[in-house]
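**Student:** Structure incoming, see below.
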Amino acid sequence: MMRILVSACLLGRPVRYDGRAKDPGTDLLDRWQAEGRLVPLCPEMAGGLPVPRQPAEIEPGATANGVLTGRGSIRAATGEDVTAAFLAGAAAAVRLARATGCRHALLTEGSPSCGVRRVHAGRFDGRTIPGQGVVAAALRAEGIAVYSQSEAADLAHMLALAEKPGF
Ligand code: SF4
């Protein structure tokens, strides 16, 4: 059975910066949870950040791959540089995916860690831009297929095909 690394906040865990969970907007997670497929992780907590915590964004002009290679930072709304904790969280996600054999991940869109196709623009004004979080970038660099919660049906389709007898 193919396992899925999943953002813990999508499973109802109150681990977001504001102490809340994130509604995944799909029942598929309940099914996958019952099947024992899910490997939950909050990378920011794994990186040592508390709950609640200051919101953080990738700085304007930087990208997740830039942050991973020392060419950009992630800053809290206070201006504090929190890059090290985010990098530690991304490394923890890669280690966990390797240890559990996850080749797929379902992550929370928009997060500077877990964002899959969009991230906040770095000025804490609510604006988002195309991009990814550092966890998504680190997992993709490992060859892991990354989906956002709004793409859960695509992941279900792929799993059904891959696990079809005789495939
Ligand atoms: S780091 Fe990921 S799992 Fe943790 S709260 Fe943010 S989006 Fe959710």
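Residue numbers start at 1 in each chain; chains themselves are named A, B, ... in the order of the structure tokens; ligands are numbered from 1 in the order shown.
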Where does chain A meet ligand 1 within 6 Å, residue by residue, with the nearest atom pair and distance in Å to one decimal for each, counting only C-alpha atoms and all ligand atoms, listed by chain and rising number, as a Markdown table?
**Tutor:**
| residue | atom | partner | partner_atom_place_in_ligand_line | distance |
| --- | --- | --- | --- | --- |
| A:Ser7 | CA | ligand 1 | 3 (S) | 3.8 |
| A:Ala8 | CA | ligand 1 | 3 (S) | 4.6 |
| A:Cys9 | CA | ligand 1 | 8 (Fe) | 4.3 |
| A:Val15 | CA | ligand 1 | 5 (S) | 4.9 |
| A:Arg16 | CA | ligand 1 | 5 (S) | 3.6 |
| A:Leu41 | CA | ligand 1 | 3 (S) | 6.0 |
| A:Cys42 | CA | ligand 1 | 4 (Fe) | 3.6 |
| A:Pro43 | CA | ligand 1 | 1 (S) | 4.8 |
| A:Glu44 | CA | ligand 1 | 1 (S) | 4.4 |
| A:Thr108 | CA | ligand 1 | 7 (S) | 4.8 |
| A:Ser111 | CA | ligand 1 | 7 (S) | 5.1 |
| A:Ser113 | CA | ligand 1 | 1 (S) | 5.2 |
| A:Cys114 | CA | ligand 1 | 2 (Fe) | 4.7 |
**Student:** Include N, CA and C atoms and write out the residues we just selected as a JSON list (two decimals), in the first residue's frame.
**Tutor:**
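What ended up in again_8.json:
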[["chain", "number", "residue", "atom", "x", "y", "z"],
["A", 7, "SER", "N", 0.51, 16.97, 5.59],
["A", 7, "SER", "CA", 0.59, 18.09, 6.54],
["A", 7, "SER", "C", -0.35, 17.81, 7.71],
["A", 8, "ALA", "N", 0.20, 17.84, 8.92],
["A", 8, "ALA", "CA", -0.59, 17.46, 10.10],
["A", 8, "ALA", "C", -1.82, 18.35, 10.29],
["A", 9, "CYS", "N", -1.73, 19.63, 9.87],
["A", 9, "CYS", "CA", -2.88, 20.52, 10.08],
["A", 9, "CYS", "C", -4.08, 20.10, 9.24],
["A", 15, "VAL", "N", -2.01, 22.81, 14.76],
["A", 15, "VAL", "CA", -0.56, 23.08, 14.75],
["A", 15, "VAL", "C", -0.19, 24.30, 13.92],
["A", 16, "ARG", "N", -1.19, 25.00, 13.36],
["A", 16, "ARG", "CA", -0.85, 26.17, 12.53],
["A", 16, "ARG", "C", -0.36, 27.32, 13.41],
["A", 41, "LEU", "N", 2.91, 14.99, 9.53],
["A", 41, "LEU", "CA", 4.03, 15.77, 10.07],
["A", 41, "LEU", "C", 3.69, 17.25, 9.97],
["A", 42, "CYS", "N", 4.00, 18.00, 11.02],
["A", 42, "CYS", "CA", 4.05, 19.46, 10.90],
["A", 42, "CYS", "C", 5.52, 19.84, 10.86],
["A", 43, "PRO", "N", 6.03, 20.18, 9.70],
["A", 43, "PRO", "CA", 7.46, 20.48, 9.60],
["A", 43, "PRO", "C", 7.90, 21.66, 10.47],
["A", 44, "GLU", "N", 7.04, 22.65, 10.61],
["A", 44, "GLU", "CA", 7.46, 23.81, 11.41],
["A", 44, "GLU", "C", 7.62, 23.43, 12.87],
["A", 108, "THR", "N", -0.37, 21.42, 2.62],
["A", 108, "THR", "CA", -1.27, 22.57, 2.76],
["A", 108, "THR", "C", -0.85, 23.73, 1.86],
["A", 111, "SER", "N", 1.39, 27.72, 2.42],
["A", 111, "SER", "CA", 2.32, 27.82, 3.55],
["A", 111, "SER", "C", 3.76, 28.01, 3.06],
["A", 113, "SER", "N", 6.19, 26.63, 4.32],
["A", 113, "SER", "CA", 6.74, 25.27, 4.37],
["A", 113, "SER", "C", 6.07, 24.38, 3.35],
["A", 114, "CYS", "N", 4.75, 24.25, 3.48],
["A", 114, "CYS", "CA", 4.02, 23.20, 2.78],
["A", 114, "CYS", "C", 3.39, 23.65, 1.46]]
**Student:** With only C-alpha atoms as the counted atoms, please give the residues lying no more than 10 Å from Arg53 in chain A, apart from itself and same-chain residues fewer than 3 positions off, as a list in words.
**Tutor:**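 The residues that qualify are Val15, Arg16, Tyr17, Asp18, Gly19, Glu44, Met45, Leu49, Pro50, Ala56, Ala76 and Ala77 of chain A.
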**Student:** Go ahead and dump the residues you just picked, N, CA and C atoms, as a JSON list (two decimals), in the first residue's frame.
**Tutor:**
[["chain", "number", "residue", "atom", "x", "y", "z"],
["A", 15, "VAL", "N", -2.01, 22.81, 14.76],
["A", 15, "VAL", "CA", -0.56, 23.08, 14.75],
["A", 15, "VAL", "C", -0.19, 24.30, 13.92],
["A", 16, "ARG", "N", -1.19, 25.00, 13.36],
["A", 16, "ARG", "CA", -0.85, 26.17, 12.53],
["A", 16, "ARG", "C", -0.36, 27.32, 13.41],
["A", 17, "TYR", "N", 0.17, 28.33, 12.78],
["A", 17, "TYR", "CA", 0.73, 29.46, 13.53],
["A", 17, "TYR", "C", -0.29, 30.06, 14.50],
["A", 18, "ASP", "N", -1.57, 30.00, 14.10],
["A", 18, "ASP", "CA", -2.62, 30.60, 14.93],
["A", 18, "ASP", "C", -3.28, 29.58, 15.87],
["A", 19, "GLY", "N", -2.69, 28.41, 15.97],
["A", 19, "GLY", "CA", -3.22, 27.39, 16.89],
["A", 19, "GLY", "C", -4.44, 26.68, 16.36],
["A", 44, "GLU", "N", 7.04, 22.65, 10.61],
["A", 44, "GLU", "CA", 7.46, 23.81, 11.41],
["A", 44, "GLU", "C", 7.62, 23.43, 12.87],
["A", 45, "MET", "N", 6.72, 22.57, 13.37],
["A", 45, "MET", "CA", 6.91, 22.08, 14.74],
["A", 45, "MET", "C", 8.13, 21.18, 14.83],
["A", 49, "LEU", "N", 9.58, 25.13, 16.08],
["A", 49, "LEU", "CA", 8.74, 26.31, 16.32],
["A", 49, "LEU", "C", 7.55, 25.93, 17.20],
["A", 50, "PRO", "N", 7.09, 26.89, 18.02],
["A", 50, "PRO", "CA", 5.98, 26.60, 18.94],
["A", 50, "PRO", "C", 4.62, 26.85, 18.29],
["A", 56, "ALA", "N", 4.89, 33.56, 9.22],
["A", 56, "ALA", "CA", 6.17, 33.76, 8.54],
["A", 56, "ALA", "C", 5.96, 33.63, 7.04],
["A", 76, "ALA", "N", 9.65, 36.02, 10.12],
["A", 76, "ALA", "CA", 8.39, 36.17, 10.85],
["A", 76, "ALA", "C", 7.88, 37.59, 10.64],
["A", 77, "ALA", "N", 6.62, 37.79, 11.00],
["A", 77, "ALA", "CA", 6.02, 39.11, 10.83],
["A", 77, "ALA", "C", 6.75, 40.17, 11.65]]
**Student:** Hey, what's within 10 Å of Ala90 in chain A if we count only C-alpha atoms and toss same-chain stuff fewer than 6 positions away? As an NGL selection string, please?
**Tutor:** :A and (42-44 or 46-47 or 68 or 84 or 96 or 113-114 or 133-139)
**Student:** Quick check, in Å to one decimal: how far apart do CA of Phe124 in chain A and CA of Ala91 in chain A lie?
**Tutor:** 25.4 Å
**Student:** At a cut-off of 9 Å, using only C-alpha atoms, what residues contact Pro130 in chain A? Leave out same-chain residues fewer than 3 positions from it and give the result as a PyMOL selection string.
**Tutor:** chain A and resi 117-121
